[in-house]
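So this one's work.tsv, TSV, C-alpha atoms:
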```tsv
chain	number	residue	atom	x	y	z
Y	1	MET	CA	-15.69	23.47	-0.34
Y	2	SER	CA	-12.41	23.94	-2.15
Y	3	ARG	CA	-12.15	24.18	-5.95
Y	4	TYR	CA	-9.58	21.40	-5.62
Y	5	ASP	CA	-11.89	18.94	-3.86
Y	6	TYR	CA	-12.13	16.84	-7.03
Y	7	LEU	CA	-8.41	16.08	-6.69
Y	8	LYS	CA	-8.97	14.78	-3.16
Y	9	GLN	CA	-11.00	11.97	-4.74
Y	10	ILE	CA	-7.94	10.86	-6.71
Y	11	SER	CA	-6.09	8.19	-4.75
Y	12	ILE	CA	-2.59	9.57	-5.22
Y	13	PHE	CA	-3.53	13.15	-4.25
Y	14	ALA	CA	-6.00	12.45	-1.42
Y	15	GLU	CA	-3.78	13.50	1.48
Y	16	LEU	CA	-2.19	16.60	-0.08
Y	17	LYS	CA	-2.93	20.10	1.21
Y	18	ASP	CA	-4.72	22.66	-0.96
Y	19	GLU	CA	-1.50	24.54	-1.74
Y	20	PHE	CA	-0.13	21.43	-3.47
Y	21	LEU	CA	-3.45	20.54	-5.07
Y	22	GLN	CA	-3.46	24.01	-6.63
Y	23	LYS	CA	-0.14	23.27	-8.31
Y	24	ILE	CA	-1.56	20.02	-9.71
Y	25	ASP	CA	-4.75	21.72	-10.85
Y	26	ASP	CA	-2.71	24.41	-12.63
Y	27	VAL	CA	-1.01	21.84	-14.89
Y	28	SER	CA	-4.02	19.53	-15.38
Y	29	ILE	CA	-5.94	19.25	-18.64
Y	30	ALA	CA	-9.52	17.89	-18.58
Y	31	ARG	CA	-10.83	15.86	-21.50
Y	32	ASN	CA	-14.15	14.11	-22.14
Y	33	TYR	CA	-14.31	10.73	-23.88
Y	34	SER	CA	-17.29	8.77	-25.17
Y	35	LYS	CA	-17.65	5.01	-24.75
Y	36	GLY	CA	-15.26	3.00	-26.92
Y	37	LYS	CA	-12.75	5.80	-27.43
Y	38	MET	CA	-9.04	5.08	-27.03
Y	39	ILE	CA	-7.12	7.37	-24.70
Y	40	PHE	CA	-3.85	5.88	-25.95
Y	41	MET	CA	-2.66	2.68	-27.59
Y	42	GLU	CA	0.05	0.29	-26.49
Y	43	GLY	CA	3.29	1.46	-28.10
Y	44	ASP	CA	2.29	5.13	-28.39
Y	45	PRO	CA	4.88	7.58	-26.99
Y	46	GLY	CA	4.33	7.91	-23.24
Y	47	GLU	CA	3.77	11.61	-22.74
Y	48	ALA	CA	1.27	12.00	-19.90
Y	49	PHE	CA	-0.08	10.84	-16.55
Y	50	PHE	CA	-3.88	10.36	-16.28
Y	51	TYR	CA	-6.54	10.29	-13.57
Y	52	ILE	CA	-10.25	9.48	-13.75
Y	53	LYS	CA	-12.74	12.14	-12.67
Y	54	SER	CA	-15.71	10.03	-13.78
Y	55	GLY	CA	-16.42	6.98	-15.92
Y	56	LEU	CA	-14.72	3.62	-16.52
Y	57	VAL	CA	-11.42	2.87	-18.27
Y	58	LYS	CA	-10.04	-0.50	-19.35
Y	59	ILE	CA	-6.28	-1.05	-19.35
Y	60	SER	CA	-5.22	-3.98	-21.54
Y	61	LYS	CA	-2.32	-5.57	-23.38
Y	62	LEU	CA	-2.10	-7.80	-26.43
Y	63	SER	CA	-0.24	-11.09	-26.15
Y	64	SER	CA	2.14	-12.29	-28.85
Y	65	ASP	CA	-0.71	-14.26	-30.47
Y	66	GLY	CA	-2.99	-11.22	-30.55
Y	67	ARG	CA	-5.20	-12.05	-27.56
Y	68	GLU	CA	-6.28	-9.26	-25.23
Y	69	HIS	CA	-5.36	-9.48	-21.55
Y	70	ILE	CA	-7.19	-7.02	-19.29
Y	71	LEU	CA	-4.89	-5.68	-16.60
Y	72	HIS	CA	-7.30	-3.32	-14.86
Y	73	ILE	CA	-10.78	-1.86	-15.02
Y	74	LEU	CA	-10.55	1.54	-13.35
Y	75	ASN	CA	-13.16	4.01	-12.17
Y	76	GLU	CA	-13.33	7.42	-10.49
Y	77	GLY	CA	-10.31	8.18	-8.33
Y	78	HIS	CA	-7.85	5.86	-10.07
Y	79	VAL	CA	-4.73	6.91	-11.97
Y	80	PHE	CA	-2.96	5.24	-14.86
Y	81	ALA	CA	0.08	5.52	-17.16
Y	82	GLU	CA	2.24	6.54	-14.21
Y	83	VAL	CA	4.88	4.03	-15.35
Y	84	THR	CA	6.04	6.40	-18.10
Y	85	LEU	CA	7.12	9.08	-15.61
Y	86	PHE	CA	10.89	9.73	-15.67
Y	87	SER	CA	11.42	6.99	-18.27
Y	88	ALA	CA	10.65	8.51	-21.70
Y	89	SER	CA	9.13	5.13	-22.58
Y	90	ASP	CA	6.14	4.15	-24.69
Y	91	TYR	CA	2.81	3.29	-23.11
Y	92	PRO	CA	3.06	-0.41	-22.19
Y	93	ALA	CA	-0.70	-0.98	-22.50
Y	94	THR	CA	-3.86	0.39	-24.13
Y	95	ALA	CA	-6.41	2.59	-22.32
Y	96	GLU	CA	-9.98	2.35	-23.63
Y	97	VAL	CA	-13.09	4.06	-22.27
Y	98	LEU	CA	-15.83	1.60	-21.22
Y	99	GLU	CA	-18.31	4.27	-20.10
Y	100	GLU	CA	-18.45	7.96	-20.94
Y	101	ALA	CA	-15.61	9.46	-18.95
Y	102	GLU	CA	-13.98	12.70	-17.87
Y	103	ILE	CA	-10.23	12.25	-17.67
Y	104	GLY	CA	-7.60	14.51	-16.17
Y	105	MET	CA	-4.26	14.55	-17.95
Y	106	ILE	CA	-0.93	15.99	-16.82
Y	107	LYS	CA	1.98	16.08	-19.23
Y	108	ASN	CA	4.90	14.09	-17.84
Y	109	ALA	CA	7.28	17.02	-18.16
Y	110	ALA	CA	5.00	19.23	-16.06
Y	111	LEU	CA	4.41	16.58	-13.39
Y	112	GLU	CA	8.09	15.66	-13.21
Y	113	LYS	CA	8.92	19.33	-12.62
Y	114	LEU	CA	6.38	19.47	-9.78
Y	115	ILE	CA	7.75	16.28	-8.24
Y	116	ILE	CA	11.30	17.63	-8.27
Y	117	GLU	CA	10.21	20.96	-6.76
Y	118	THR	CA	7.70	19.63	-4.23
Y	119	PRO	CA	8.76	16.86	-1.79
Y	120	GLU	CA	5.17	16.35	-0.62
Y	121	ILE	CA	4.05	15.42	-4.13
Y	122	SER	CA	7.07	13.18	-4.70
Y	123	LEU	CA	6.36	11.32	-1.42
Y	124	ALA	CA	2.73	10.78	-2.43
Y	125	LEU	CA	3.91	9.33	-5.75
Y	126	ILE	CA	6.44	7.01	-4.07
Y	127	LYS	CA	3.74	5.66	-1.72
Y	128	TYR	CA	1.39	5.10	-4.62
Y	129	LEU	CA	3.99	3.37	-6.81
Y	130	ASN	CA	4.92	1.10	-3.89
Y	131	LYS	CA	1.27	0.10	-3.55
Y	132	ARG	CA	1.01	-0.65	-7.27
Y	133	LEU	CA	4.21	-2.73	-7.13
Y	134	ILE	CA	2.75	-4.88	-4.34
Y	135	GLU	CA	-0.46	-5.33	-6.36
Y	136	ALA	CA	1.53	-6.40	-9.43
Y	137	GLN	CA	3.55	-8.89	-7.37
Y	138	ASN	CA	0.34	-10.35	-5.93
Y	139	LYS	CA	-1.12	-10.71	-9.42
Y	140	VAL	CA	1.93	-12.61	-10.67
Y	141	ARG	CA	1.80	-14.83	-7.57
Y	142	ASN	CA	-1.90	-15.56	-8.08
Y	143	LEU	CA	-1.33	-16.57	-11.71
Y	144	ALA	CA	1.22	-19.10	-10.49
Y	145	LEU	CA	-0.74	-20.40	-7.48
Y	146	TYR	CA	-4.36	-20.59	-8.59
Y	147	ASP	CA	-6.24	-22.42	-11.33
Y	148	THR	CA	-8.96	-20.81	-13.45
Y	149	PHE	CA	-11.57	-21.41	-10.73
Y	150	GLY	CA	-9.47	-19.57	-8.16
Y	151	ARG	CA	-8.54	-16.73	-10.50
Y	152	THR	CA	-12.14	-16.28	-11.66
Y	153	ALA	CA	-13.31	-16.21	-8.04
Y	154	GLN	CA	-10.69	-13.57	-7.22
Y	155	ALA	CA	-11.76	-11.47	-10.20
Y	156	LEU	CA	-15.42	-11.64	-9.13
Y	157	VAL	CA	-14.60	-10.65	-5.55
Y	158	LYS	CA	-12.43	-7.75	-6.74
Y	159	LEU	CA	-15.17	-6.54	-9.09
Y	160	ALA	CA	-17.71	-6.84	-6.27
Y	161	GLU	CA	-15.51	-4.75	-3.99
Y	162	ASP	CA	-15.00	-2.06	-6.62
Y	163	TYR	CA	-18.31	-2.10	-8.48
Y	164	GLY	CA	-20.70	-4.11	-6.31
Y	165	LYS	CA	-24.23	-2.88	-5.65
Y	166	LYS	CA	-26.14	-4.50	-2.80
Y	167	THR	CA	-29.53	-5.89	-3.78
Y	168	THR	CA	-32.11	-8.09	-2.06
Y	169	THR	CA	-30.57	-11.16	-3.71
Y	170	GLY	CA	-26.88	-10.35	-3.24
Y	171	ILE	CA	-24.14	-8.15	-4.67
Y	172	GLU	CA	-24.74	-7.18	-8.28
Y	173	LEU	CA	-21.71	-6.27	-10.37
Y	174	ASP	CA	-22.70	-2.76	-11.43
Y	175	LEU	CA	-20.77	-2.63	-14.70
Y	176	ASN	CA	-21.34	-3.98	-18.16
Y	177	ILE	CA	-18.63	-6.60	-18.59
Y	178	SER	CA	-18.89	-9.39	-21.16
Y	179	ARG	CA	-17.88	-13.01	-20.56
Y	180	GLN	CA	-14.99	-12.44	-22.99
Y	181	GLU	CA	-13.76	-9.44	-21.01
Y	182	LEU	CA	-13.98	-11.43	-17.77
Y	183	ALA	CA	-11.98	-14.21	-19.44
Y	184	ASN	CA	-9.41	-11.62	-20.55
Y	185	MET	CA	-9.07	-10.47	-16.94
Y	186	VAL	CA	-8.59	-14.01	-15.66
Y	187	GLY	CA	-6.21	-15.03	-18.44
Y	188	THR	CA	-8.26	-17.83	-19.95
Y	189	THR	CA	-10.74	-18.48	-22.76
Y	190	ARG	CA	-14.37	-17.37	-22.92
Y	191	GLU	CA	-15.50	-21.02	-22.97
Y	192	THR	CA	-13.53	-21.82	-19.82
Y	193	VAL	CA	-14.84	-18.84	-17.87
Y	194	ILE	CA	-18.42	-19.77	-18.88
Y	195	ARG	CA	-17.85	-23.28	-17.47
Y	196	VAL	CA	-16.46	-21.82	-14.25
Y	197	LEU	CA	-19.39	-19.42	-13.87
Y	198	SER	CA	-21.80	-22.29	-14.49
Y	199	ALA	CA	-20.12	-24.27	-11.70
Y	200	PHE	CA	-20.44	-21.29	-9.34
Y	201	LYS	CA	-24.10	-20.96	-10.31
Y	202	LYS	CA	-24.69	-24.67	-9.71
Y	203	GLU	CA	-23.35	-24.37	-6.17
Y	204	MET	CA	-25.65	-21.31	-5.75
Y	205	SER	CA	-22.87	-18.86	-4.95
Y	206	ILE	CA	-23.80	-16.62	-7.90
Y	207	GLU	CA	-26.73	-15.86	-10.20
Y	208	LEU	CA	-26.32	-15.20	-13.91
Y	209	ASP	CA	-28.21	-13.64	-16.75
Y	210	LYS	CA	-27.10	-12.26	-20.12
Y	211	SER	CA	-26.21	-8.81	-18.80
Y	212	SER	CA	-25.30	-9.18	-15.11
Y	213	ILE	CA	-23.70	-11.29	-12.42
Y	214	ILE	CA	-25.06	-11.33	-8.87
Y	215	ILE	CA	-22.91	-12.78	-6.09
Y	216	ARG	CA	-25.28	-14.47	-3.67
Y	217	ASP	CA	-22.66	-15.81	-1.25
Y	218	ILE	CA	-19.32	-14.00	-1.46
Y	219	GLU	CA	-17.75	-16.15	1.27
Y	220	LYS	CA	-18.48	-19.27	-0.77
Y	221	VAL	CA	-16.84	-17.64	-3.80
Y	222	LYS	CA	-13.77	-16.78	-1.72
Y	223	GLN	CA	-13.37	-20.43	-0.71
Y	224	TRP	CA	-12.11	-21.14	-4.24
Y	225	TYR	CA	-8.83	-19.36	-3.55
Y	226	ARG	CA	-8.32	-19.69	0.18
```
Any chance you could put this one into structure tokens?
Amino acid sequence: MSRYDYLKQISIFAELKDEFLQKIDDVSIARNYSKGKMIFMEGDPGEAFFYIKSGLVKISKLSSDGREHILHILNEGHVFAEVTLFSASDYPATAEVLEEAEIGMIKNAALEKLIIETPEISLALIKYLNKRLIEAQNKVRNLALYDTFGRTAQALVKLAEDYGKKTTTGIELDLNISRQELANMVGTTRETVIRVLSAFKKEMSIELDKSSIIIRDIEKVKQWYR
């Protein structure tokens, strides 16, 4: 096993050879964060690119009326704050640790130097940014096309794909997410998302308790946005 194998678990670096991974490892800084800690706040100077070695990170923004909107919940292998590369801009969102996490950080200046010097790394970044752009376009489209039932169903399916754990009764969402946080992901109120979840429970597509959601019939959930 290579000492750089941990970088092969990071989406953007997965296909790079060891000689390029070594360059990334040389400029990486590892930091540990406990639950609830802020990695950076929206509006802070954008100075670094981050990747998750372990743990969960929430990326969120505040609306003009002070409400939180959750953009992403990220786990091992994901990267974030890449939008500040080459732009000298502030962080456009807040990154908060949901579970104890080990985070890799690369200062933008160091990564930008590597990108300029190493075509293989720059190509990997371009491919990744293109993927993120498509995801952002799809999210905007979904906000326009689907009601709260459809958007909640999409959020549940996405969470099941990323954090689902198969059980005898279905797919349990293996993360501690509150009804308010789910509402913040969907872009609605806590009361509305509770009504939607109750409707899904009534049709027996999901099971609910205070701390977990189990998807009993994922195809039935998907029908809400097909």
- Message: Quick one: residues within 12 Å of Y:Asn184, all atoms listed in the file, excluding same-chain residues fewer than 5 positions away - as a ChimeraX atom specification?
- Response: /Y:58-63,66-73,148,151-152,155,177-179,189-193
- Nearest to Y:Ile126 by atom-to-atom distance, counting all atoms listed in the file, from Y:Ile52, Y:Ile103, Y:Ile12, Y:Ile39: Y:Ile12
- Query: Do you have the atom CA of Y:Leu156-atom CA of Y:Gln223 distance handy?
  - Reply: 12.3 Å
- Task: Could you give me, as number ranges by chain, the residues within 8 Å of Y:Val79, counting only C-alpha atoms and dropping anything in the same chain fewer than 6 positions from it?
- Result: Y: 10-12, 49-52
List every protein, DNA or RNA residue that has an atom no more than 12 Å from (-18.0, 10.5, -12.2) in the file's coordinate frame, counting all atoms listed in the file, and report them as an mmCIF file with C-alpha atoms, keeping the file's coordinate frame.
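Result saved to part.cif:
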```cif
data_model
loop_
_atom_site.group_PDB
_atom_site.id
_atom_site.type_symbol
_atom_site.label_atom_id
_atom_site.label_comp_id
_atom_site.auth_asym_id
_atom_site.auth_seq_id
_atom_site.Cartn_x
_atom_site.Cartn_y
_atom_site.Cartn_z
ATOM 1 C CA TYR Y 6 -12.130 16.840 -7.030
ATOM 2 C CA GLN Y 9 -11.000 11.970 -4.740
ATOM 3 C CA ILE Y 10 -7.940 10.860 -6.710
ATOM 4 C CA ASN Y 32 -14.150 14.110 -22.140
ATOM 5 C CA TYR Y 51 -6.540 10.290 -13.570
ATOM 6 C CA ILE Y 52 -10.250 9.480 -13.750
ATOM 7 C CA LYS Y 53 -12.740 12.140 -12.670
ATOM 8 C CA SER Y 54 -15.710 10.030 -13.780
ATOM 9 C CA GLY Y 55 -16.420 6.980 -15.920
ATOM 10 C CA LEU Y 56 -14.720 3.620 -16.520
ATOM 11 C CA VAL Y 57 -11.420 2.870 -18.270
ATOM 12 C CA LEU Y 74 -10.550 1.540 -13.350
ATOM 13 C CA ASN Y 75 -13.160 4.010 -12.170
ATOM 14 C CA GLU Y 76 -13.330 7.420 -10.490
ATOM 15 C CA GLY Y 77 -10.310 8.180 -8.330
ATOM 16 C CA HIS Y 78 -7.850 5.860 -10.070
ATOM 17 C CA GLU Y 99 -18.310 4.270 -20.100
ATOM 18 C CA GLU Y 100 -18.450 7.960 -20.940
ATOM 19 C CA ALA Y 101 -15.610 9.460 -18.950
ATOM 20 C CA GLU Y 102 -13.980 12.700 -17.870
ATOM 21 C CA ILE Y 103 -10.230 12.250 -17.670
ATOM 22 C CA GLY Y 104 -7.600 14.510 -16.170
#
```
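With only the atoms specified (only C-alpha atoms) counting, those residues at most 8 Å away from (5.8, 10.4, -19.3) are Y:Gly46, Y:Glu47, Y:Ala48, Y:Phe49, Y:Ala81, Y:Glu82, Y:Val83, Y:Thr84, Y:Leu85, Y:Phe86, Y:Ser87, Y:Ala88, Y:Ser89, Y:Lys107, Y:Asn108, Y:Ala109.
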- Which distance in Å separates atom CA of Y:Ala199 and atom CA of Y:Asp147, to one decimal?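 About the pair atom CA of Y:Ala199 and atom CA of Y:Asp147: they are 14.0 Å apart.
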Generate the missing atoms of stretch 175-192 of chain Y up to N, CA, C and O atoms and report them as a PDB file, in the frame of the given file.
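Okay, selection_5.pdb is ready:
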```pdb
ATOM      1  N   LEU Y 175     -21.491  -3.051 -13.507  1.00  0.00           N
ATOM      2  CA  LEU Y 175     -20.770  -2.630 -14.700  1.00  0.00           C
ATOM      3  C   LEU Y 175     -21.067  -3.631 -15.799  1.00  0.00           C
ATOM      4  O   LEU Y 175     -21.356  -4.796 -15.536  1.00  0.00           O
ATOM      5  N   ASN Y 176     -21.013  -3.147 -17.012  1.00  0.00           N
ATOM      6  CA  ASN Y 176     -21.340  -3.980 -18.160  1.00  0.00           C
ATOM      7  C   ASN Y 176     -20.072  -4.659 -18.660  1.00  0.00           C
ATOM      8  O   ASN Y 176     -19.314  -4.089 -19.440  1.00  0.00           O
ATOM      9  N   ILE Y 177     -19.825  -5.875 -18.198  1.00  0.00           N
ATOM     10  CA  ILE Y 177     -18.630  -6.600 -18.590  1.00  0.00           C
ATOM     11  C   ILE Y 177     -19.047  -7.917 -19.249  1.00  0.00           C
ATOM     12  O   ILE Y 177     -19.866  -8.662 -18.708  1.00  0.00           O
ATOM     13  N   SER Y 178     -18.521  -8.179 -20.424  1.00  0.00           N
ATOM     14  CA  SER Y 178     -18.890  -9.390 -21.160  1.00  0.00           C
ATOM     15  C   SER Y 178     -18.128 -10.591 -20.605  1.00  0.00           C
ATOM     16  O   SER Y 178     -17.141 -10.454 -19.870  1.00  0.00           O
ATOM     17  N   ARG Y 179     -18.582 -11.779 -20.979  1.00  0.00           N
ATOM     18  CA  ARG Y 179     -17.880 -13.010 -20.560  1.00  0.00           C
ATOM     19  C   ARG Y 179     -16.472 -13.024 -21.155  1.00  0.00           C
ATOM     20  O   ARG Y 179     -15.533 -13.502 -20.514  1.00  0.00           O
ATOM     21  N   GLN Y 180     -16.322 -12.494 -22.378  1.00  0.00           N
ATOM     22  CA  GLN Y 180     -14.990 -12.440 -22.990  1.00  0.00           C
ATOM     23  C   GLN Y 180     -14.072 -11.515 -22.202  1.00  0.00           C
ATOM     24  O   GLN Y 180     -12.900 -11.836 -21.983  1.00  0.00           O
ATOM     25  N   GLU Y 181     -14.583 -10.369 -21.779  1.00  0.00           N
ATOM     26  CA  GLU Y 181     -13.760  -9.440 -21.010  1.00  0.00           C
ATOM     27  C   GLU Y 181     -13.382 -10.029 -19.652  1.00  0.00           C
ATOM     28  O   GLU Y 181     -12.247  -9.845 -19.184  1.00  0.00           O
ATOM     29  N   LEU Y 182     -14.314 -10.759 -19.026  1.00  0.00           N
ATOM     30  CA  LEU Y 182     -13.980 -11.430 -17.770  1.00  0.00           C
ATOM     31  C   LEU Y 182     -12.885 -12.471 -18.011  1.00  0.00           C
ATOM     32  O   LEU Y 182     -11.933 -12.582 -17.220  1.00  0.00           O
ATOM     33  N   ALA Y 183     -13.008 -13.222 -19.099  1.00  0.00           N
ATOM     34  CA  ALA Y 183     -11.980 -14.210 -19.440  1.00  0.00           C
ATOM     35  C   ALA Y 183     -10.631 -13.520 -19.668  1.00  0.00           C
ATOM     36  O   ALA Y 183      -9.581 -14.040 -19.263  1.00  0.00           O
ATOM     37  N   ASN Y 184     -10.650 -12.352 -20.302  1.00  0.00           N
ATOM     38  CA  ASN Y 184      -9.410 -11.620 -20.550  1.00  0.00           C
ATOM     39  C   ASN Y 184      -8.778 -11.117 -19.254  1.00  0.00           C
ATOM     40  O   ASN Y 184      -7.557 -10.958 -19.175  1.00  0.00           O
ATOM     41  N   MET Y 185      -9.598 -10.859 -18.244  1.00  0.00           N
ATOM     42  CA  MET Y 185      -9.070 -10.470 -16.940  1.00  0.00           C
ATOM     43  C   MET Y 185      -8.417 -11.654 -16.235  1.00  0.00           C
ATOM     44  O   MET Y 185      -7.378 -11.518 -15.592  1.00  0.00           O
ATOM     45  N   VAL Y 186      -9.046 -12.809 -16.368  1.00  0.00           N
ATOM     46  CA  VAL Y 186      -8.590 -14.010 -15.660  1.00  0.00           C
ATOM     47  C   VAL Y 186      -7.381 -14.647 -16.356  1.00  0.00           C
ATOM     48  O   VAL Y 186      -6.558 -15.303 -15.721  1.00  0.00           O
ATOM     49  N   GLY Y 187      -7.292 -14.421 -17.674  1.00  0.00           N
ATOM     50  CA  GLY Y 187      -6.210 -15.030 -18.440  1.00  0.00           C
ATOM     51  C   GLY Y 187      -6.572 -16.414 -18.941  1.00  0.00           C
ATOM     52  O   GLY Y 187      -5.767 -17.341 -18.892  1.00  0.00           O
ATOM     53  N   THR Y 188      -7.810 -16.544 -19.424  1.00  0.00           N
ATOM     54  CA  THR Y 188      -8.260 -17.830 -19.950  1.00  0.00           C
ATOM     55  C   THR Y 188      -9.179 -17.567 -21.130  1.00  0.00           C
ATOM     56  O   THR Y 188      -9.289 -16.436 -21.611  1.00  0.00           O
ATOM     57  N   THR Y 189      -9.842 -18.626 -21.613  1.00  0.00           N
ATOM     58  CA  THR Y 189     -10.740 -18.480 -22.760  1.00  0.00           C
ATOM     59  C   THR Y 189     -12.164 -18.184 -22.293  1.00  0.00           C
ATOM     60  O   THR Y 189     -12.528 -18.462 -21.142  1.00  0.00           O
ATOM     61  N   ARG Y 190     -12.964 -17.657 -23.217  1.00  0.00           N
ATOM     62  CA  ARG Y 190     -14.370 -17.370 -22.920  1.00  0.00           C
ATOM     63  C   ARG Y 190     -15.106 -18.657 -22.532  1.00  0.00           C
ATOM     64  O   ARG Y 190     -15.900 -18.664 -21.582  1.00  0.00           O
ATOM     65  N   GLU Y 191     -14.820 -19.749 -23.244  1.00  0.00           N
ATOM     66  CA  GLU Y 191     -15.500 -21.020 -22.970  1.00  0.00           C
ATOM     67  C   GLU Y 191     -15.180 -21.522 -21.563  1.00  0.00           C
ATOM     68  O   GLU Y 191     -16.065 -22.027 -20.855  1.00  0.00           O
ATOM     69  N   THR Y 192     -13.921 -21.366 -21.153  1.00  0.00           N
ATOM     70  CA  THR Y 192     -13.530 -21.820 -19.820  1.00  0.00           C
ATOM     71  C   THR Y 192     -14.205 -20.994 -18.738  1.00  0.00           C
ATOM     72  O   THR Y 192     -14.708 -21.535 -17.742  1.00  0.00           O
TER      73      THR Y 192
END
```
